[in-house]
$ cat protein_4.tsv   # TSV, C-alpha atoms
chain	number	residue	atom	x	y	z
A	142	MET	CA	-5.41	9.96	-13.25
A	143	LYS	CA	-7.20	7.67	-10.78
A	144	VAL	CA	-5.10	7.34	-7.61
A	145	VAL	CA	-6.01	4.78	-4.95
A	146	ILE	CA	-4.57	5.51	-1.51
A	147	VAL	CA	-4.34	2.65	1.00
A	148	PHE	CA	-4.03	4.26	4.43
A	149	ASN	CA	-3.41	2.60	7.80
A	150	HIS	CA	-3.09	4.53	11.05
A	151	PRO	CA	-5.71	4.49	13.81
A	152	TYR	CA	-4.75	7.80	15.45
A	153	VAL	CA	-6.15	10.93	13.79
A	154	GLY	CA	-3.38	13.09	15.27
A	155	SER	CA	-0.57	11.01	13.77
A	156	PHE	CA	2.03	12.30	11.35
A	157	CYS	CA	0.74	9.69	8.89
A	158	ASN	CA	-2.55	11.62	8.84
A	159	ALA	CA	-0.64	14.80	8.05
A	160	ILE	CA	1.05	12.92	5.19
A	161	LEU	CA	-2.34	11.75	3.93
A	162	ASN	CA	-3.54	15.36	3.91
A	163	ALA	CA	-0.43	16.49	2.01
A	164	VAL	CA	-0.78	13.72	-0.58
A	165	SER	CA	-4.49	14.53	-1.02
A	166	ALA	CA	-3.78	18.26	-1.36
A	167	GLY	CA	-1.15	17.61	-4.03
A	168	LEU	CA	-3.40	15.26	-5.97
A	169	THR	CA	-6.26	17.76	-5.80
A	170	LYS	CA	-4.00	20.50	-7.19
A	171	SER	CA	-3.02	18.25	-10.11
A	172	LYS	CA	-6.70	17.40	-10.68
A	173	ASN	CA	-6.18	13.70	-10.08
A	174	GLU	CA	-9.08	11.58	-8.84
A	175	ILE	CA	-8.60	10.21	-5.29
A	176	ASP	CA	-10.07	6.95	-3.99
A	177	LEU	CA	-9.16	6.53	-0.30
A	178	ILE	CA	-9.14	3.07	1.25
A	179	HIS	CA	-8.89	3.85	4.99
A	180	LEU	CA	-8.33	0.43	6.53
A	181	ASP	CA	-8.93	1.58	10.11
A	182	ASN	CA	-12.18	3.38	9.32
A	183	ASP	CA	-13.30	0.41	7.23
A	184	LYS	CA	-12.59	-1.92	10.19
A	185	PHE	CA	-10.83	-4.21	7.73
A	186	ASP	CA	-10.21	-7.74	9.05
A	187	PRO	CA	-6.52	-8.46	8.34
A	188	VAL	CA	-6.57	-12.09	9.46
A	189	MET	CA	-6.27	-14.88	6.90
A	190	ARG	CA	-9.16	-17.18	7.79
A	191	SER	CA	-9.64	-20.81	6.81
A	192	LYS	CA	-11.86	-19.86	3.86
A	193	ASP	CA	-9.21	-17.39	2.62
A	194	LEU	CA	-6.64	-20.18	2.53
A	195	GLU	CA	-9.16	-22.47	0.82
A	196	ALA	CA	-9.60	-19.73	-1.81
A	197	PHE	CA	-5.82	-19.48	-2.19
A	198	ALA	CA	-5.58	-23.26	-2.75
A	199	LYS	CA	-8.34	-23.18	-5.40
A	200	ALA	CA	-7.25	-19.99	-7.18
A	201	ARG	CA	-4.83	-21.54	-9.68
A	202	ASN	CA	-7.28	-24.08	-11.14
A	203	ASP	CA	-10.74	-22.88	-10.16
A	204	SER	CA	-10.73	-19.09	-9.80
A	205	SER	CA	-14.52	-18.70	-10.09
A	206	SER	CA	-15.22	-20.92	-7.08
A	207	ALA	CA	-12.25	-19.45	-5.18
A	208	ILE	CA	-13.62	-15.92	-5.45
A	209	GLN	CA	-16.91	-17.01	-3.84
A	210	LEU	CA	-14.98	-17.64	-0.61
A	211	VAL	CA	-13.37	-14.20	-0.47
A	212	ASP	CA	-14.37	-11.49	2.03
A	213	PRO	CA	-16.88	-9.06	0.37
A	214	MET	CA	-14.71	-6.11	1.49
A	215	VAL	CA	-11.82	-7.62	-0.47
A	216	ILE	CA	-14.03	-7.84	-3.56
A	217	ASP	CA	-14.84	-4.14	-3.16
A	218	TYR	CA	-11.12	-3.32	-2.87
A	219	LYS	CA	-10.41	-5.50	-5.92
A	220	GLN	CA	-12.86	-3.51	-8.06
A	221	ARG	CA	-11.35	-0.21	-6.91
A	222	LEU	CA	-7.77	-1.37	-7.55
A	223	GLU	CA	-8.69	-2.50	-11.06
A	224	ASN	CA	-9.38	1.18	-11.86
A	225	ALA	CA	-6.19	2.47	-10.21
A	226	GLU	CA	-3.57	4.15	-12.38
A	227	HIS	CA	-1.34	4.89	-9.40
A	228	LEU	CA	-1.34	3.20	-5.98
A	229	VAL	CA	-0.16	4.89	-2.75
A	230	PHE	CA	0.41	3.18	0.59
A	231	ILE	CA	0.79	5.31	3.75
A	232	PHE	CA	1.57	3.61	7.06
A	233	PRO	CA	3.92	3.70	10.07
A	234	ILE	CA	6.67	1.15	10.60
A	235	TRP	CA	6.20	-0.55	13.96
A	236	TRP	CA	8.84	-3.01	15.18
A	237	GLU	CA	10.52	-2.82	11.76
A	238	LEU	CA	7.42	-3.88	9.78
A	239	MET	CA	4.03	-2.61	8.62
A	240	PRO	CA	0.97	-2.66	10.95
A	241	ALA	CA	-1.31	-5.68	10.92
A	242	MET	CA	-3.98	-4.11	8.69
A	243	THR	CA	-1.47	-3.22	5.97
A	244	LYS	CA	0.02	-6.73	6.12
A	245	GLY	CA	-3.47	-8.20	6.01
A	246	PHE	CA	-4.38	-6.03	3.01
A	247	ILE	CA	-1.37	-7.40	1.14
A	248	ASP	CA	-2.14	-10.97	2.21
A	249	LYS	CA	-5.84	-10.84	1.33
A	250	VAL	CA	-6.01	-8.37	-1.58
A	251	ILE	CA	-2.70	-8.93	-3.40
A	252	PHE	CA	-4.06	-12.41	-3.89
A	253	PRO	CA	-4.40	-14.87	-6.79
A	254	GLY	CA	-7.58	-14.26	-8.74
A	255	ILE	CA	-8.00	-10.85	-7.07
A	256	THR	CA	-5.10	-8.62	-8.14
A	257	TYR	CA	-2.81	-11.09	-9.88
A	258	GLU	CA	-2.95	-14.40	-11.67
A	259	TYR	CA	-0.45	-17.15	-12.18
A	260	ALA	CA	1.57	-17.17	-15.39
A	261	LYS	CA	3.87	-19.83	-16.82
A	262	MET	CA	6.90	-18.09	-15.34
A	263	GLY	CA	5.58	-16.58	-12.12
A	264	MET	CA	2.80	-14.03	-11.64
A	265	LYS	CA	0.99	-11.41	-13.70
A	266	SER	CA	-0.86	-8.37	-12.34
A	267	LYS	CA	-4.58	-8.07	-13.02
A	268	MET	CA	-4.37	-4.33	-12.29
A	269	LYS	CA	-4.05	-3.51	-15.98
A	270	LYS	CA	-4.31	0.29	-15.61
A	271	LEU	CA	-1.68	0.55	-12.86
A	272	LYS	CA	1.30	2.65	-13.93
A	273	GLY	CA	3.11	3.06	-10.62
A	274	LEU	CA	3.32	2.59	-6.87
A	275	THR	CA	4.44	4.95	-4.09
A	276	VAL	CA	4.92	3.76	-0.51
A	277	ILE	CA	5.31	6.40	2.22
A	278	THR	CA	6.34	5.26	5.69
A	279	THR	CA	7.22	6.84	9.02
A	280	MET	CA	9.56	5.41	11.66
A	281	ASN	CA	11.69	6.49	14.58
A	282	THR	CA	14.70	4.39	13.56
A	283	PRO	CA	17.61	6.07	11.73
A	284	SER	CA	17.76	5.03	8.07
A	285	PHE	CA	21.27	3.54	8.29
A	286	VAL	CA	20.26	1.42	11.31
A	287	TYR	CA	17.14	0.20	9.51
A	288	TRP	CA	19.28	-0.73	6.50
A	289	ILE	CA	22.20	-2.37	8.32
A	290	LEU	CA	20.56	-4.03	11.33
A	291	PHE	CA	17.09	-4.79	10.00
A	292	GLY	CA	17.91	-5.42	6.35
A	293	ASN	CA	15.60	-2.77	4.90
A	294	ALA	CA	12.67	-5.07	5.61
A	295	ILE	CA	9.93	-2.95	4.01
A	296	LYS	CA	11.83	-2.65	0.74
A	297	LYS	CA	12.33	-6.41	0.60
A	298	ALA	CA	8.79	-7.28	1.68
A	299	ILE	CA	6.70	-4.78	-0.30
A	300	MET	CA	8.73	-3.14	-3.04
A	301	THR	CA	10.45	-6.34	-4.17
A	302	GLY	CA	8.72	-9.24	-2.46
A	303	THR	CA	5.20	-8.18	-3.48
A	304	PHE	CA	4.99	-5.59	-6.24
A	305	TRP	CA	8.11	-6.48	-8.23
A	306	LYS	CA	6.94	-10.09	-8.22
A	307	ILE	CA	3.59	-9.21	-9.77
A	308	GLY	CA	5.20	-6.97	-12.38
A	309	VAL	CA	4.70	-3.38	-11.19
A	310	LYS	CA	7.69	-1.67	-12.79
A	311	LYS	CA	7.49	1.88	-11.39
A	312	ARG	CA	7.96	1.66	-7.63
A	313	LYS	CA	9.02	4.40	-5.19
A	314	TRP	CA	9.52	4.25	-1.41
A	315	MET	CA	9.62	7.47	0.63
A	316	SER	CA	10.97	6.63	4.08
A	317	LEU	CA	10.64	9.37	6.72
A	318	ASN	CA	12.95	8.48	9.59
A	319	MET	CA	13.43	9.69	13.18
A	320	VAL	CA	9.98	11.30	13.02
A	321	LYS	CA	9.59	11.55	16.79
A	322	PHE	CA	12.92	13.37	17.13
A	323	VAL	CA	13.04	15.83	14.23
A	324	SER	CA	11.95	19.48	14.46
A	325	GLU	CA	8.51	20.75	13.52
A	326	ASP	CA	10.20	22.71	10.75
A	327	LYS	CA	11.64	19.54	9.22
A	328	ARG	CA	8.28	17.80	9.40
A	329	ASN	CA	6.68	20.74	7.61
A	330	ARG	CA	9.38	20.62	4.93
A	331	TRP	CA	8.67	16.92	4.43
A	332	LEU	CA	4.96	17.66	4.01
A	333	THR	CA	5.67	20.45	1.53
A	334	THR	CA	7.91	18.12	-0.50
A	335	ILE	CA	5.23	15.40	-0.50
A	336	GLU	CA	2.47	17.80	-1.56
A	337	LYS	CA	4.67	19.12	-4.38
A	338	LYS	CA	5.54	15.62	-5.55
A	339	PHE	CA	1.88	14.63	-5.83
A	340	SER	CA	0.89	17.93	-7.42
A	341	ASN	CA	3.24	16.91	-10.25
A	342	LEU	CA	2.06	13.31	-10.52
A	343	LYS	CA	1.31	12.29	-14.08
$ encode --input "protein_4.tsv" --output "structure tokens"
Amino acid sequence: MKVVIVFNHPYVGSFCNAILNAVSAGLTKSKNEIDLIHLDNDKFDPVMRSKDLEAFAKARNDSSSAIQLVDPMVIDYKQRLENAEHLVFIFPIWWELMPAMTKGFIDKVIFPGITYEYAKMGMKSKMKKLKGLTVITTMNTPSFVYWILFGNAIKKAIMTGTFWKIGVKKRKWMSLNMVKFVSEDKRNRWLTTIEKKFSNLK
């Protein structure tokens, strides 16, 4: 299976990097093919520029001219996502939401004419091979606080607001909470669980 990982964390010593290593180790054990999109290393520009919004306006009726306006890095990501059978996002939650590069990736790549197209009754994914999505996040907020006070923002924004809308049926969110405060043993158990999960990915 071709698995595309979209990773966003600038610090190499972060727990997110440990998660990336665990996911990669599991996928390697299960002989899945890994394509890593490392947004920080790529120096991805997350900002929606004027030409991006012009492309968005043209996408419904003139997709060929719209795509000419799109960032070449986005076109590269588009081609890689078209081959994805499973998509994995790994990022920290900062101030209750994803970092700017992850948000920018969703804004600029989960985009009409790039990864979805308009249908009569909403949207339709252009990622025809995609069977499922896994989102793995870290945060220092307790899960019940994130749910009650902050409305489970990531679930609403990404799992439902983005990928449900474009028709991805198999969606899983792994939320690792209180990361700064838990023991090293618990972190290691999390990593073991993640590696095992991806070693069984089919």
$ atom_distance --input "protein_4.tsv" --atom1 "CA of Thr256 in chain A" --atom2 "CA of Met239 in chain A"
20.0 Å
$ closest_residue --input "protein_4.tsv" --among "A:Thr282, A:Val144, A:Asp186, A:Asn224" --to "Ile247 in chain A" --atoms "only C-alpha atoms"
A:Asp186
$ closest_atom_pairs --input "protein_4.tsv" --of "range 203-263 of chain A" --to "range 288-310 of chain A" --cutoff "8 Å" --atoms "only C-alpha atoms" --output "CSV"
residue,atom,partner,partner_atom,distance
A:Glu237,CA,A:Ala294,CA,6.9
A:Leu238,CA,A:Ile295,CA,6.4
A:Met239,CA,A:Ile295,CA,7.5
A:Ile251,CA,A:Thr303,CA,7.9
A:Tyr257,CA,A:Ile307,CA,6.7
A:Gly263,CA,A:Lys306,CA,7.7
$ atom_distance --input "protein_4.tsv" --atom1 "CA of Val320 in chain A" --atom2 "CA of Met280 in chain A"
6.1 Å
$ atom_distance --input "protein_4.tsv" --atom1 "CA of Asp217 in chain A" --atom2 "CA of Glu336 in chain A"
28.0 Å
$ closest_residue --input "protein_4.tsv" --among "A:Lys143, A:Ala241, A:Asn329, A:Phe197" --to "Glu174 in chain A" --atoms "all atoms listed in the file"
A:Lys143
$ residues_around --input "protein_4.tsv" --residues "Lys321 in chain A" --least-positions-apart "4" --cutoff "10 Å" --atoms "all atoms listed in the file" --output "PyMOL selection string"
chain A and resi 156+279-282+325+328
$ residues_around --input "protein_4.tsv" --residues "Val276 in chain A" --least-positions-apart "3" --cutoff "12 Å" --atoms "all atoms listed in the file" --output "ChimeraX atom specification"
/A:145-149,157,160-161,164,227-234,239,243,273,279,295-296,298-300,304,311-317,335
$ closest_residue --input "protein_4.tsv" --among "A:Gln220, A:Ser266, A:Ser205, A:Ser191" --to "Asp176 in chain A" --atoms "all atoms listed in the file"
A:Gln220
$ closest_residue --input "protein_4.tsv" --among "A:Arg221, A:Val211, A:Lys267, A:Val323" --to "Lys199 in chain A" --atoms "only C-alpha atoms"
A:Val211
$ residues_near_point --input "protein_4.tsv" --point "(-3.6, 17.2, 1.2)" --cutoff "12 Å" --atoms "only C-alpha atoms" --output "short mmCIF file (atom, residue, chain, number, x, y, z; two decimals) with C-alpha atoms, in the coordinates of the input"
data_model
loop_
_atom_site.label_atom_id
_atom_site.label_comp_id
_atom_site.auth_asym_id
_atom_site.auth_seq_id
_atom_site.Cartn_x
_atom_site.Cartn_y
_atom_site.Cartn_z
CA CYS A 157 0.74 9.69 8.89
CA ASN A 158 -2.55 11.62 8.84
CA ALA A 159 -0.64 14.80 8.05
CA ILE A 160 1.05 12.92 5.19
CA LEU A 161 -2.34 11.75 3.93
CA ASN A 162 -3.54 15.36 3.91
CA ALA A 163 -0.43 16.49 2.01
CA VAL A 164 -0.78 13.72 -0.58
CA SER A 165 -4.49 14.53 -1.02
CA ALA A 166 -3.78 18.26 -1.36
CA GLY A 167 -1.15 17.61 -4.03
CA LEU A 168 -3.40 15.26 -5.97
CA THR A 169 -6.26 17.76 -5.80
CA LYS A 170 -4.00 20.50 -7.19
CA SER A 171 -3.02 18.25 -10.11
CA ILE A 175 -8.60 10.21 -5.29
CA LEU A 332 4.96 17.66 4.01
CA THR A 333 5.67 20.45 1.53
CA THR A 334 7.91 18.12 -0.50
CA ILE A 335 5.23 15.40 -0.50
CA GLU A 336 2.47 17.80 -1.56
CA LYS A 337 4.67 19.12 -4.38
CA LYS A 338 5.54 15.62 -5.55
CA PHE A 339 1.88 14.63 -5.83
CA SER A 340 0.89 17.93 -7.42
#
$ residues_around --input "protein_4.tsv" --residues "Pro151 in chain A" --least-positions-apart "5" --cutoff "9 Å" --atoms "only C-alpha atoms" --output "JSON, numbers by chain"
{"A": [180, 181, 182]}
$ residues_near_point --input "protein_4.tsv" --point "(-8.9, -18.3, 8.3)" --cutoff "12 Å" --atoms "all atoms listed in the file" --output "MDAnalysis selection string"
chainID A and resid 186:197 210:212 245 248:249
$ closest_residue --input "protein_4.tsv" --among "A:Val286, A:Met268, A:Leu274, A:Phe252" --to "Ala198 in chain A" --atoms "all atoms listed in the file"
A:Phe252
